[in-house]
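Note: the block below is input-v3.csv and it holds CSV, C-alpha atoms and all ligand atoms.
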chain,number,residue,atom,x,y,z
B,248,MET,CA,-10.1,44.5,103.7
B,249,PRO,CA,-9.1,41.9,101.0
B,250,GLY,CA,-11.8,39.6,99.8
B,251,ILE,CA,-14.8,41.5,101.0
B,252,ARG,CA,-17.4,41.8,98.2
B,253,ASP,CA,-17.7,45.3,96.7
B,254,THR,CA,-21.4,45.3,97.3
B,255,ILE,CA,-20.9,44.8,101.0
B,256,ARG,CA,-18.1,47.3,101.3
B,257,GLY,CA,-20.2,49.8,99.4
B,258,MET,CA,-23.3,49.5,101.6
B,259,ALA,CA,-24.1,51.4,104.8
B,260,GLY,CA,-25.8,48.5,106.5
B,261,TYR,CA,-29.3,48.4,108.0
B,262,VAL,CA,-29.5,50.5,111.2
B,263,PRO,CA,-32.2,49.1,113.5
B,264,GLY,CA,-34.1,51.3,116.0
B,265,GLU,CA,-32.2,52.1,119.2
B,266,GLN,CA,-32.4,49.3,121.8
B,267,PRO,CA,-31.1,50.7,125.1
B,268,ARG,CA,-30.5,48.1,127.8
B,269,ASP,CA,-30.8,50.3,130.9
B,270,GLY,CA,-34.6,50.0,131.2
B,271,GLU,CA,-34.7,53.7,132.0
B,272,TYR,CA,-36.3,54.7,128.7
B,273,LEU,CA,-40.0,54.6,127.7
B,274,LYS,CA,-39.6,52.7,124.4
B,275,LEU,CA,-42.0,53.8,121.8
B,276,ASN,CA,-39.6,53.5,118.9
B,277,THR,CA,-39.7,49.9,117.5
B,278,ASN,CA,-43.4,48.9,117.8
B,279,GLU,CA,-43.0,46.2,120.5
B,280,SER,CA,-46.1,45.3,122.4
B,281,PRO,CA,-46.5,47.3,125.7
B,282,TYR,CA,-48.0,44.1,127.2
B,283,PRO,CA,-46.2,40.9,128.2
B,284,PRO,CA,-46.7,37.7,126.1
B,285,SER,CA,-49.5,35.2,126.9
B,286,PRO,CA,-49.1,33.2,130.1
B,287,ARG,CA,-49.1,30.1,127.7
B,288,VAL,CA,-45.7,31.3,126.4
B,289,PHE,CA,-44.1,31.1,129.8
B,290,GLU,CA,-45.7,27.6,130.4
B,291,ALA,CA,-44.4,26.4,127.1
B,292,ILE,CA,-40.9,27.7,127.6
B,293,ARG,CA,-40.8,26.1,131.1
B,294,GLU,CA,-41.9,22.8,129.7
B,295,HIS,CA,-39.0,22.9,127.3
B,296,LEU,CA,-36.3,23.9,129.8
B,297,THR,CA,-35.1,20.4,130.4
B,298,GLY,CA,-31.6,18.9,129.7
B,299,ASP,CA,-33.0,16.6,127.2
B,300,ARG,CA,-34.9,19.2,125.2
B,301,LEU,CA,-31.9,21.6,125.1
B,302,ARG,CA,-29.4,18.8,124.4
B,303,LYS,CA,-31.1,17.8,121.1
B,304,TYR,CA,-31.6,19.7,117.9
B,305,PRO,CA,-35.1,21.4,117.4
B,306,GLU,CA,-37.6,20.2,114.9
B,307,PRO,CA,-36.1,21.4,111.6
B,308,MET,CA,-39.4,22.4,110.0
B,309,GLY,CA,-41.2,23.2,113.2
B,310,ASN,CA,-43.9,20.7,112.6
B,311,THR,CA,-45.5,20.9,116.0
B,312,PHE,CA,-45.8,24.7,115.6
B,313,ARG,CA,-47.0,24.3,112.0
B,314,GLN,CA,-49.8,21.9,113.1
B,315,ALA,CA,-51.0,24.4,115.7
B,316,ALA,CA,-50.6,27.4,113.5
B,317,GLY,CA,-52.4,25.7,110.6
B,318,ARG,CA,-55.4,25.0,112.8
B,319,VAL,CA,-55.5,28.6,114.1
B,320,LEU,CA,-55.0,30.3,110.8
B,321,GLY,CA,-57.1,27.8,108.8
B,322,VAL,CA,-54.3,26.9,106.4
B,323,ASP,CA,-52.5,23.7,105.4
B,324,PRO,CA,-49.5,23.2,107.8
B,325,ASP,CA,-47.4,22.5,104.6
B,326,SER,CA,-48.1,26.1,103.5
B,327,ILE,CA,-46.2,27.5,106.5
B,328,LEU,CA,-42.4,28.3,106.7
B,329,ILE,CA,-40.9,29.1,110.1
B,330,GLY,CA,-38.2,31.8,110.5
B,331,ASN,CA,-35.9,33.4,113.1
B,332,GLY,CA,-38.0,36.6,113.0
B,333,SER,CA,-39.8,37.6,109.9
B,334,ASP,CA,-36.6,39.4,108.8
B,335,ASP,CA,-35.1,35.9,108.4
B,336,ILE,CA,-38.1,35.0,106.2
B,337,LEU,CA,-37.5,38.1,104.1
B,338,THR,CA,-33.8,37.1,103.7
B,339,ILE,CA,-34.8,33.5,102.7
B,340,LEU,CA,-37.2,35.0,100.1
B,341,THR,CA,-34.6,37.3,98.7
B,342,ARG,CA,-32.1,34.5,98.4
B,343,THR,CA,-34.6,32.2,96.7
B,344,TYR,CA,-36.1,34.6,94.2
B,345,VAL,CA,-33.5,37.3,93.4
B,346,PRO,CA,-30.4,36.6,91.3
B,347,GLU,CA,-27.3,38.8,91.5
B,348,GLY,CA,-28.1,41.8,89.4
B,349,GLY,CA,-31.9,41.1,89.9
B,350,LEU,CA,-34.5,43.7,90.9
B,351,ILE,CA,-36.4,44.3,94.2
B,352,VAL,CA,-39.1,46.9,94.3
B,353,SER,CA,-41.2,48.3,97.1
B,354,PRO,CA,-43.3,51.4,97.6
B,355,THR,CA,-41.8,54.4,99.5
B,356,PRO,CA,-41.9,55.6,102.3
B,357,SER,CA,-41.8,52.1,103.7
B,358,TYR,CA,-39.8,49.5,105.5
B,359,ILE,CA,-36.1,50.3,104.9
B,360,LEU,CA,-34.8,46.8,105.4
B,361,TYR,CA,-35.8,45.8,101.8
B,362,GLU,CA,-33.0,47.9,100.3
B,363,SER,CA,-30.4,46.3,102.5
B,364,LEU,CA,-31.6,42.8,101.4
B,365,ALA,CA,-31.2,43.9,97.8
B,366,LYS,CA,-27.7,45.2,98.4
B,367,ILE,CA,-26.5,42.1,100.2
B,368,GLN,CA,-27.8,40.0,97.3
B,369,GLY,CA,-26.0,42.3,94.8
B,370,ALA,CA,-29.4,43.2,93.3
B,371,ARG,CA,-30.9,46.5,92.2
B,372,PHE,CA,-33.5,48.3,94.4
B,373,ARG,CA,-36.2,50.6,93.1
B,374,THR,CA,-39.0,52.4,94.9
B,375,VAL,CA,-42.4,53.5,93.8
B,376,PRO,CA,-43.8,56.4,95.7
B,377,PHE,CA,-47.2,56.0,97.4
B,378,THR,CA,-49.8,58.5,96.3
B,379,SER,CA,-50.4,61.5,98.6
B,380,ASP,CA,-53.2,59.5,100.3
B,381,TRP,CA,-51.0,56.4,100.8
B,382,GLN,CA,-52.4,54.4,98.0
B,383,LEU,CA,-50.6,52.6,95.1
B,384,PRO,CA,-50.3,54.1,91.7
B,385,ASP,CA,-52.7,52.4,89.4
B,386,PRO,CA,-51.5,50.6,87.2
B,387,TRP,CA,-48.3,49.7,89.2
B,388,PRO,CA,-45.4,51.0,87.1
B,389,VAL,CA,-42.7,48.2,87.6
B,390,LYS,CA,-43.6,44.9,86.1
B,391,ASP,CA,-40.1,43.3,85.8
B,392,ALA,CA,-39.1,42.9,89.5
B,393,ASP,CA,-38.0,39.6,90.8
B,394,LEU,CA,-39.7,40.4,94.1
B,395,THR,CA,-42.1,43.2,95.0
B,396,PHE,CA,-42.4,43.9,98.7
B,397,LEU,CA,-45.6,45.5,100.1
B,398,PRO,CA,-45.9,46.0,103.8
B,399,ASN,CA,-49.6,46.0,104.6
B,400,PRO,CA,-50.3,47.8,107.0
B,401,ASN,CA,-47.4,50.0,105.9
B,402,SER,CA,-44.7,51.3,108.1
B,403,PRO,CA,-44.2,54.3,108.9
B,404,SER,CA,-47.8,55.3,107.8
B,405,GLY,CA,-49.9,52.6,109.4
B,406,THR,CA,-52.1,52.8,106.3
B,407,CYS,CA,-53.6,49.8,104.4
B,408,ILE,CA,-54.0,49.1,100.7
B,409,PRO,CA,-57.5,47.5,100.2
B,410,LEU,CA,-57.4,43.8,99.5
B,411,ASP,CA,-58.9,44.1,96.0
B,412,ARG,CA,-56.0,46.4,95.0
B,413,VAL,CA,-53.5,44.0,96.6
B,414,LYS,CA,-55.0,41.3,94.5
B,415,ARG,CA,-54.6,43.2,91.3
B,416,LEU,CA,-51.1,44.2,92.3
B,417,ALA,CA,-50.3,40.5,92.6
B,418,GLU,CA,-51.5,40.0,89.0
B,419,GLU,CA,-49.3,43.0,87.8
B,420,VAL,CA,-46.0,41.9,89.4
B,421,GLY,CA,-44.3,38.5,89.2
B,422,THR,CA,-44.1,37.6,92.9
B,423,LEU,CA,-45.6,39.7,95.7
B,424,VAL,CA,-44.4,39.5,99.3
B,425,LEU,CA,-47.2,40.8,101.4
B,426,ASP,CA,-45.4,41.8,104.6
B,427,GLU,CA,-48.2,41.6,107.2
B,428,ALA,CA,-46.1,42.4,110.3
B,429,TYR,CA,-49.0,44.5,111.6
B,430,ALA,CA,-52.0,42.7,110.2
B,431,ASP,CA,-53.3,41.7,113.7
B,432,PHE,CA,-54.1,45.4,114.3
B,433,ALA,CA,-55.8,46.0,111.0
B,434,GLU,CA,-59.4,45.6,109.9
B,435,GLU,CA,-58.7,43.0,107.2
B,436,ASN,CA,-55.7,40.9,106.1
B,437,GLY,CA,-54.5,39.1,102.9
B,438,LEU,CA,-53.9,35.6,104.3
B,439,ARG,CA,-56.3,34.1,101.8
B,440,LEU,CA,-54.3,35.6,98.9
B,441,ALA,CA,-51.4,33.3,99.9
B,442,SER,CA,-50.7,31.3,96.7
B,443,LYS,CA,-48.0,30.4,94.2
B,444,ASN,CA,-47.1,34.1,93.5
B,445,VAL,CA,-48.2,35.7,96.8
B,446,ILE,CA,-46.2,35.1,99.9
B,447,VAL,CA,-47.7,36.4,103.1
B,448,THR,CA,-45.3,37.0,106.0
B,449,ARG,CA,-46.1,37.5,109.7
B,450,THR,CA,-44.1,38.3,112.7
B,451,PHE,CA,-44.5,37.3,116.4
B,452,SER,CA,-42.6,40.4,117.4
B,453,LYS,CA,-45.4,42.9,117.5
B,454,SER,CA,-49.0,41.6,118.2
B,455,TYR,CA,-47.7,38.5,120.1
B,456,ALA,CA,-45.2,40.5,122.2
B,457,LEU,CA,-42.3,38.2,121.3
B,458,ALA,CA,-39.7,40.5,119.7
B,459,GLY,CA,-37.0,39.2,122.1
B,460,ILE,CA,-37.7,35.6,121.0
B,461,ARG,CA,-37.3,36.1,117.2
B,462,PHE,CA,-40.0,34.3,115.4
B,463,GLY,CA,-41.8,34.8,112.1
B,464,ILE,CA,-43.6,32.9,109.4
B,465,ALA,CA,-44.3,32.8,105.7
B,466,ILE,CA,-47.5,31.4,104.2
B,467,ALA,CA,-47.7,30.4,100.6
B,468,ASP,CA,-48.5,27.5,98.3
B,469,PRO,CA,-46.9,24.3,99.7
B,470,ALA,CA,-44.9,24.0,96.4
B,471,VAL,CA,-43.4,27.4,97.1
B,472,ILE,CA,-42.6,26.5,100.7
B,473,HIS,CA,-41.0,23.3,99.4
B,474,GLU,CA,-38.4,25.5,97.6
B,475,LEU,CA,-37.9,28.0,100.4
B,476,LEU,CA,-37.1,25.0,102.8
B,477,LYS,CA,-34.0,24.3,100.6
B,478,VAL,CA,-32.7,27.8,101.3
B,479,LYS,CA,-33.3,28.3,105.0
B,480,ASP,CA,-30.8,27.1,107.6
B,481,SER,CA,-31.7,23.6,108.7
B,482,TYR,CA,-32.3,24.7,112.3
B,483,ASN,CA,-33.2,28.4,111.9
B,484,CYS,CA,-35.6,28.4,114.9
B,485,ASP,CA,-34.5,27.1,118.3
B,486,VAL,CA,-36.4,24.9,120.8
B,487,LEU,CA,-37.5,27.8,123.0
B,488,SER,CA,-38.7,30.1,120.2
B,489,LEU,CA,-40.7,27.3,118.7
B,490,ALA,CA,-42.3,26.5,122.1
B,491,ALA,CA,-43.0,30.1,122.7
B,492,ALA,CA,-44.6,30.7,119.3
B,493,THR,CA,-46.7,27.6,119.7
B,494,GLY,CA,-48.0,28.8,123.1
B,495,ALA,CA,-48.6,32.3,121.8
B,496,ILE,CA,-50.6,31.3,118.7
B,497,GLN,CA,-52.8,28.9,120.8
B,498,ASP,CA,-53.9,31.8,122.9
B,499,GLN,CA,-56.1,33.8,120.5
B,500,ALA,CA,-58.2,35.1,123.4
B,501,TYR,CA,-55.2,36.8,124.9
B,502,LEU,CA,-54.2,38.2,121.5
B,503,ALA,CA,-57.7,39.7,121.1
B,504,GLU,CA,-57.6,41.2,124.5
B,505,CYS,CA,-54.2,43.0,123.9
B,506,ARG,CA,-55.4,44.1,120.4
B,507,THR,CA,-58.5,45.7,121.9
B,508,LYS,CA,-56.5,47.6,124.5
B,509,ILE,CA,-53.9,48.8,121.9
B,510,LEU,CA,-56.6,50.0,119.4
B,511,ALA,CA,-58.3,52.0,122.2
B,512,THR,CA,-55.0,53.6,123.2
B,513,ARG,CA,-54.2,54.3,119.6
B,514,THR,CA,-57.4,56.2,119.2
B,515,ARG,CA,-56.7,58.3,122.3
B,516,MET,CA,-53.2,59.0,121.3
B,517,ALA,CA,-54.1,60.0,117.8
B,518,THR,CA,-56.7,62.5,119.0
B,519,ALA,CA,-54.4,63.9,121.6
B,520,LEU,CA,-51.5,64.3,119.2
B,521,ALA,CA,-53.8,66.0,116.7
B,522,GLY,CA,-54.8,68.4,119.5
B,523,LEU,CA,-51.0,69.2,120.0
B,524,GLY,CA,-50.7,70.3,116.4
B,525,PHE,CA,-49.5,67.1,114.7
B,526,ALA,CA,-50.9,65.8,111.4
B,527,VAL,CA,-51.6,62.2,112.3
B,528,THR,CA,-52.2,59.6,109.6
B,529,PRO,CA,-55.2,57.3,110.5
B,530,SER,CA,-53.4,54.0,111.5
B,531,GLN,CA,-54.3,50.4,111.2
B,532,ALA,CA,-51.2,49.3,113.1
B,533,ASN,CA,-49.8,49.6,116.6
B,534,PHE,CA,-48.0,53.0,115.9
B,535,LEU,CA,-48.8,56.4,114.6
B,536,TRP,CA,-47.2,58.5,112.0
B,537,ALA,CA,-47.1,62.2,113.1
B,538,ARG,CA,-45.8,65.1,111.1
B,539,ARG,CA,-45.6,68.9,111.6
B,540,SER,CA,-45.8,71.6,109.1
B,541,ASP,CA,-45.1,74.5,111.5
B,542,ARG,CA,-41.7,73.4,113.0
B,543,PRO,CA,-39.0,70.8,112.4
B,544,ALA,CA,-39.7,67.3,113.8
B,545,LYS,CA,-36.2,66.2,114.7
B,546,PRO,CA,-35.8,68.5,117.7
B,547,ILE,CA,-39.0,67.0,119.1
B,548,TYR,CA,-37.5,63.5,118.9
B,549,GLU,CA,-34.3,64.8,120.5
B,550,ALA,CA,-36.1,66.6,123.3
B,551,LEU,CA,-38.1,63.5,124.1
B,552,LYS,CA,-34.9,61.4,124.2
B,553,GLU,CA,-33.4,63.8,126.7
B,554,ARG,CA,-36.4,63.2,128.8
B,555,LYS,CA,-36.0,59.4,128.4
B,556,ILE,CA,-38.7,58.8,125.9
B,557,LEU,CA,-37.7,57.1,122.6
B,558,ILE,CA,-39.7,57.5,119.5
B,559,ARG,CA,-38.5,57.0,115.9
B,560,TYR,CA,-37.5,59.9,113.7
B,561,MET,CA,-37.7,59.0,110.0
B,562,ASN,CA,-36.6,61.0,107.0
B,563,TYR,CA,-37.3,59.7,103.5
B,564,ALA,CA,-35.7,61.1,100.3
B,565,GLY,CA,-38.3,62.8,98.1
B,566,TYR,CA,-40.9,62.7,100.9
B,567,GLY,CA,-39.7,64.4,104.0
B,568,ASP,CA,-39.6,63.6,107.7
B,569,GLY,CA,-41.9,62.7,110.6
B,570,LEU,CA,-42.2,60.8,113.8
B,571,ARG,CA,-43.3,57.2,114.2
B,572,ILE,CA,-44.6,56.6,117.7
B,573,SER,CA,-45.5,53.1,119.0
B,574,VAL,CA,-48.8,52.7,120.8
B,575,GLY,CA,-48.0,52.0,124.5
B,576,THR,CA,-50.2,51.4,127.5
B,577,ASP,CA,-52.6,54.2,128.5
B,578,ALA,CA,-50.1,55.3,131.3
B,579,GLU,CA,-47.3,55.4,128.8
B,580,ALA,CA,-49.4,57.4,126.4
B,581,ASP,CA,-50.1,59.9,129.2
B,582,ARG,CA,-46.4,60.2,130.0
B,583,LEU,CA,-45.6,60.9,126.3
B,584,LEU,CA,-48.4,63.4,125.9
B,585,GLU,CA,-47.5,65.3,129.1
B,586,THR,CA,-43.9,65.5,128.1
B,587,LEU,CA,-44.8,66.7,124.6
B,588,ARG,CA,-47.0,69.4,126.1
B,589,ALA,CA,-44.0,70.6,128.2
B,590,ILE,CA,-41.7,70.5,125.1
B,591,LEU,CA,-43.9,72.2,122.5
M,601,LIG,C1,-41.1,44.7,112.6
M,601,LIG,C2,-41.2,44.4,111.1
M,601,LIG,C3,-40.8,43.2,110.6
M,601,LIG,C4,-39.8,42.2,111.2
M,601,LIG,O1,-40.1,41.7,112.3
M,601,LIG,P1,-39.2,40.6,113.0
M,601,LIG,O2,-38.9,41.1,114.4
M,601,LIG,O3,-37.9,40.4,112.2
M,601,LIG,O4,-40.0,39.4,113.0
M,601,LIG,C5,-41.0,43.0,109.2
M,601,LIG,N1,-41.6,43.9,108.5
M,601,LIG,C6,-42.1,45.0,109.0
M,601,LIG,C7,-42.8,46.0,108.1
M,601,LIG,C8,-41.8,45.4,110.3
M,601,LIG,O5,-42.2,46.5,110.8
How would this structure read if it were set down as C-alpha cells?
Ligand SMILES: *Cc1c(COP(=O)(O)O)cnc(C)c1O
Amino acid sequence: MPGIRDTIRGMAGYVPGEQPRDGEYLKLNTNESPYPPSPRVFEAIREHLTGDRLRKYPEPMGNTFRQAAGRVLGVDPDSILIGNGSDDILTILTRTYVPEGGLIVSPTPSYILYESLAKIQGARFRTVPFTSDWQLPDPWPVKDADLTFLPNPNSPSGTCIPLDRVKRLAEEVGTLVLDEAYADFAEENGLRLASKNVIVTRTFSKSYALAGIRFGIAIADPAVIHELLKVKDSYNCDVLSLAAATGAIQDQAYLAECRTKILATRTRMATALAGLGFAVTPSQANFLWARRSDRPAKPIYEALKERKILIRYMNYAGYGDGLRISVGTDAEADRLLETLRAIL
C-alpha cells in the first residue's frame, strides 16, 4: 500500500471490546451502565430534534455545556474541553504534547489504548509495572516522558492511587493525564489537581450511561485548554451529544441513585465471585478484576460467551491474565453467577 506511513503499517491497531448488535447477549464486557441515561437526556435530545437545530453547526466549544458543567463541577467553564468521547480527548492531548519520536508512559496492566495513541503519533511507549498491591513505584522511574497517563481508578484492576501520591507523581513527571473515566464510582477524585501540568479527563460513557452518544471532557488550566482548542476538530461534538451531556450533568440526583445501586451490586458480585474461587481485587470502579490460580481463565470467558454472556478476557505481558467483569443490575449479576456455578 504505497504512501501509508511505516508506523501505521507496523501497528496492530486498537481492538475494542466486542459490541454484538443482536441484543441477545448479556454485556458485561465494556463497563457500560446497566441503567438508562437520565430522563433529562431524552428531554434535551427531543428539544434539539428540530430542522433548525440539525441544519446548523453545533457550538464549536460547547459553551452551553461548559457553563452547566462548570457550575456542577465547581470549575471555571474555560478550564473545560469537550470531546467526542474521552478517547477523542486523549488523542487531542497526544497530538498537542507528543512530538514524533517522543515518549508516552503509563503503568501496566492498564488501559491499552495509550499504546495505540503513541504508535499513531510515531512516538515511543513505555510501561511501568504497578507494585503487587496495585500501587505506583516510589519514586516513579521515568521522568522524561512527554505525557504520562494514569487511569485512576485503574482498568482492569479497579484500584485507586491515593491523591497525595498522584500529586507527587505530577511533580515527578512533566505532564500528567489523570484519566478519571471511573471517578464517579470511587471514594475520591483528583479534579482539584487540574492545573497547568495535570489534565483530568472524564467520560460520559460509564457513570452517565451515554457510551452510545460519545462524549468526554478534559479539565485543566484555561491556558492549557486554550492550546488544546487549536488541535481539536472545530466541531468535534454534535448538537445531540452536547444536548445529551448537558442534560445528564444537570441531573446529579439521578447519577447518585445509579451509583448507589451499582456500588451495592458490586459488593454482592465481589463476595459471590470470591465464594466461587476467584481472587477478586477490591474495586472502586463499575467492574471487577477476577483471577484464578487453580485453572485457566480463558475457558471460563469462552464458556460464558457460549451461554450468551460477554465479559472481558485480558492477558498482559509480564503479568498474566484475568477476567474483567462489568457490574450489571442485580438480576444480571444473578444470571452471571448462576451460569458460572454451572460452568465451574
Ligand atoms: C472507557 C474508558 C475511556 C474512554 O471512554 P470514551 O467512551 O471514549 O469516552 C477512557 N479511559 C478509560 C480508562 C476507560 O476505561
Given a cut-off of 7 Å, what residues near ligand LIG 601 (chain M) show up using all atoms listed in the file, put as a PyMOL selection string? chain B and resi 332-335+358+398+401-402+426+428+450-453+458+461-463
What does the structure give for the distance between CA of Glu504 (chain B) and CA of Gln531 (chain B), in Å to one decimal?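 CA of Gln531 (chain B) lies at a distance of 16.5 Å from CA of Glu504 (chain B).
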As an exercise, work out the distance from CA of Ser530 (chain B) to CA of Ala456 (chain B) in Å and give it to one decimal place.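 Between these atoms lies a distance of 19.1 Å.
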Which residues are close to region 272-288 of chain B, i.e. within 9 Å by all atoms listed in the file, leaving aside same-chain residues fewer than 6 positions away? Reply as a VMD selection string. chain B and resid 263 to 266 452 to 458 490 to 495 497 to 498 501 to 502 505 509 533 to 534 552 554 to 560 571 to 576 579 582 to 583
Pull C-alpha atoms from the residues just selected and write them as a compact mmCIF listing (two decimals), in the coordinates of the input.
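Writing done, so here's part_31.txt:
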# COMPACT_ATOMS: atom_id res chain seq x y z
CA PRO B 263 -32.20 49.10 113.50
CA GLY B 264 -34.10 51.30 116.00
CA GLU B 265 -32.20 52.10 119.20
CA GLN B 266 -32.40 49.30 121.80
CA SER B 452 -42.60 40.40 117.40
CA LYS B 453 -45.40 42.90 117.50
CA SER B 454 -49.00 41.60 118.20
CA TYR B 455 -47.70 38.50 120.10
CA ALA B 456 -45.20 40.50 122.20
CA LEU B 457 -42.30 38.20 121.30
CA ALA B 458 -39.70 40.50 119.70
CA ALA B 490 -42.30 26.50 122.10
CA ALA B 491 -43.00 30.10 122.70
CA ALA B 492 -44.60 30.70 119.30
CA THR B 493 -46.70 27.60 119.70
CA GLY B 494 -48.00 28.80 123.10
CA ALA B 495 -48.60 32.30 121.80
CA GLN B 497 -52.80 28.90 120.80
CA ASP B 498 -53.90 31.80 122.90
CA TYR B 501 -55.20 36.80 124.90
CA LEU B 502 -54.20 38.20 121.50
CA CYS B 505 -54.20 43.00 123.90
CA ILE B 509 -53.90 48.80 121.90
CA ASN B 533 -49.80 49.60 116.60
CA PHE B 534 -48.00 53.00 115.90
CA LYS B 552 -34.90 61.40 124.20
CA ARG B 554 -36.40 63.20 128.80
CA LYS B 555 -36.00 59.40 128.40
CA ILE B 556 -38.70 58.80 125.90
CA LEU B 557 -37.70 57.10 122.60
CA ILE B 558 -39.70 57.50 119.50
CA ARG B 559 -38.50 57.00 115.90
CA TYR B 560 -37.50 59.90 113.70
CA ARG B 571 -43.30 57.20 114.20
CA ILE B 572 -44.60 56.60 117.70
CA SER B 573 -45.50 53.10 119.00
CA VAL B 574 -48.80 52.70 120.80
CA GLY B 575 -48.00 52.00 124.50
CA THR B 576 -50.20 51.40 127.50
CA GLU B 579 -47.30 55.40 128.80
CA ARG B 582 -46.40 60.20 130.00
CA LEU B 583 -45.60 60.90 126.30
Could you list, with a cut-off of 7 Å and counting only C-alpha atoms, the residues of region 419-501 of chain B near region 339-350 of chain B, each shown with its nearest atom pair and the distance in Å rounded to one decimal, rows sorted by chain and ascending number, as a Markdown table?
| residue | atom | partner | partner_atom | distance |
| --- | --- | --- | --- | --- |
| B:Leu475 | CA | B:Thr343 | CA | 6.5 |
| B:Val478 | CA | B:Ile339 | CA | 6.2 |
| B:Lys479 | CA | B:Ile339 | CA | 5.9 |
Export C-alpha atoms of the chosen residues as a CSV table (one decimal), keeping the file's coordinate frame?
chain,number,residue,atom,x,y,z
B,475,LEU,CA,-37.9,28.0,100.4
B,478,VAL,CA,-32.7,27.8,101.3
B,479,LYS,CA,-33.3,28.3,105.0
CA of Arg506 (chain B) and CA of Ala532 (chain B), how far apart in Å?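 Straight-line distance from CA of Ala532 (chain B) to CA of Arg506 (chain B) works out to 9.9 Å.
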Nearest to Asp411 (chain B): which of B:Ala519, B:Leu440, B:Leu397, B:Ile292 is it, counting only C-alpha atoms? B:Leu440
Restricting the calculation to only C-alpha atoms, which member of B:Val527, B:Met248, B:Val447, B:Leu337 is positioned closest to Ala430 (chain B)? B:Val447
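The nearest approach to Gly405 (chain B) among the residues B:Tyr361, B:Trp536, B:Tyr482, B:Phe372, with only C-alpha atoms taken into account, belongs to B:Trp536.
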Tell me which protein, DNA and RNA residues are within 10 Å of Phe525 (chain B), counting all atoms listed in the file, leaving out same-chain ones fewer than 3 positions away, and put them as number ranges by chain. B: 517-522, 528, 536-541, 544, 569-570
The selected residues should be written to file as a PDB file, keeping the file's coordinate frame (atoms: C-alpha atoms).
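File written: part.pdb
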ATOM      1  CA  ALA B 517     -54.100  60.000 117.800  1.00  0.00           C
ATOM      2  CA  THR B 518     -56.700  62.500 119.000  1.00  0.00           C
ATOM      3  CA  ALA B 519     -54.400  63.900 121.600  1.00  0.00           C
ATOM      4  CA  LEU B 520     -51.500  64.300 119.200  1.00  0.00           C
ATOM      5  CA  ALA B 521     -53.800  66.000 116.700  1.00  0.00           C
ATOM      6  CA  GLY B 522     -54.800  68.400 119.500  1.00  0.00           C
ATOM      7  CA  THR B 528     -52.200  59.600 109.600  1.00  0.00           C
ATOM      8  CA  TRP B 536     -47.200  58.500 112.000  1.00  0.00           C
ATOM      9  CA  ALA B 537     -47.100  62.200 113.100  1.00  0.00           C
ATOM     10  CA  ARG B 538     -45.800  65.100 111.100  1.00  0.00           C
ATOM     11  CA  ARG B 539     -45.600  68.900 111.600  1.00  0.00           C
ATOM     12  CA  SER B 540     -45.800  71.600 109.100  1.00  0.00           C
ATOM     13  CA  ASP B 541     -45.100  74.500 111.500  1.00  0.00           C
ATOM     14  CA  ALA B 544     -39.700  67.300 113.800  1.00  0.00           C
ATOM     15  CA  GLY B 569     -41.900  62.700 110.600  1.00  0.00           C
ATOM     16  CA  LEU B 570     -42.200  60.800 113.800  1.00  0.00           C
TER      17      LEU B 570
END
Residue among B:Val262, B:Ile496, B:Leu551, B:Ala417 lying closest to Arg318 (chain B), counting only C-alpha atoms: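 That would be B:Ile496, the residue with the smallest distance to Arg318 (chain B).
Close to (-44.0, 40.2, 85.5), meaning no more than 9 Å away when counting only C-alpha atoms, sit the residues Val389, Lys390, Asp391, Ala392, Asp393, Glu418, Glu419, Val420, Gly421 and Thr422 of chain B.
Near Leu410 (chain B), within a cut-off of 8 Å and counting only C-alpha atoms, sit the residues B:Glu435, B:Asn436, B:Gly437, with same-chain residues fewer than 5 positions away left out.
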Measuring between only C-alpha atoms, which one of B:Ala441, B:Ala526, B:Met516, B:Leu394 shows the shortest distance to Leu584 (chain B)? B:Met516
Among the residues B:Leu587, B:Glu553, B:Tyr566, B:Gly321, the one that comes closest to Ser379 (chain B) [using all atoms listed in the file]: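 Of all the options, B:Tyr566 lies closest to Ser379 (chain B).
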If we count only C-alpha atoms and set the cut-off at 12 Å, which residues sit around Leu296 (chain B), ignoring sequence neighbours fewer than 6 positions away in its own chain? Please answer as a ChimeraX atom specification. /B:289-290,302-303,486-488,490-491
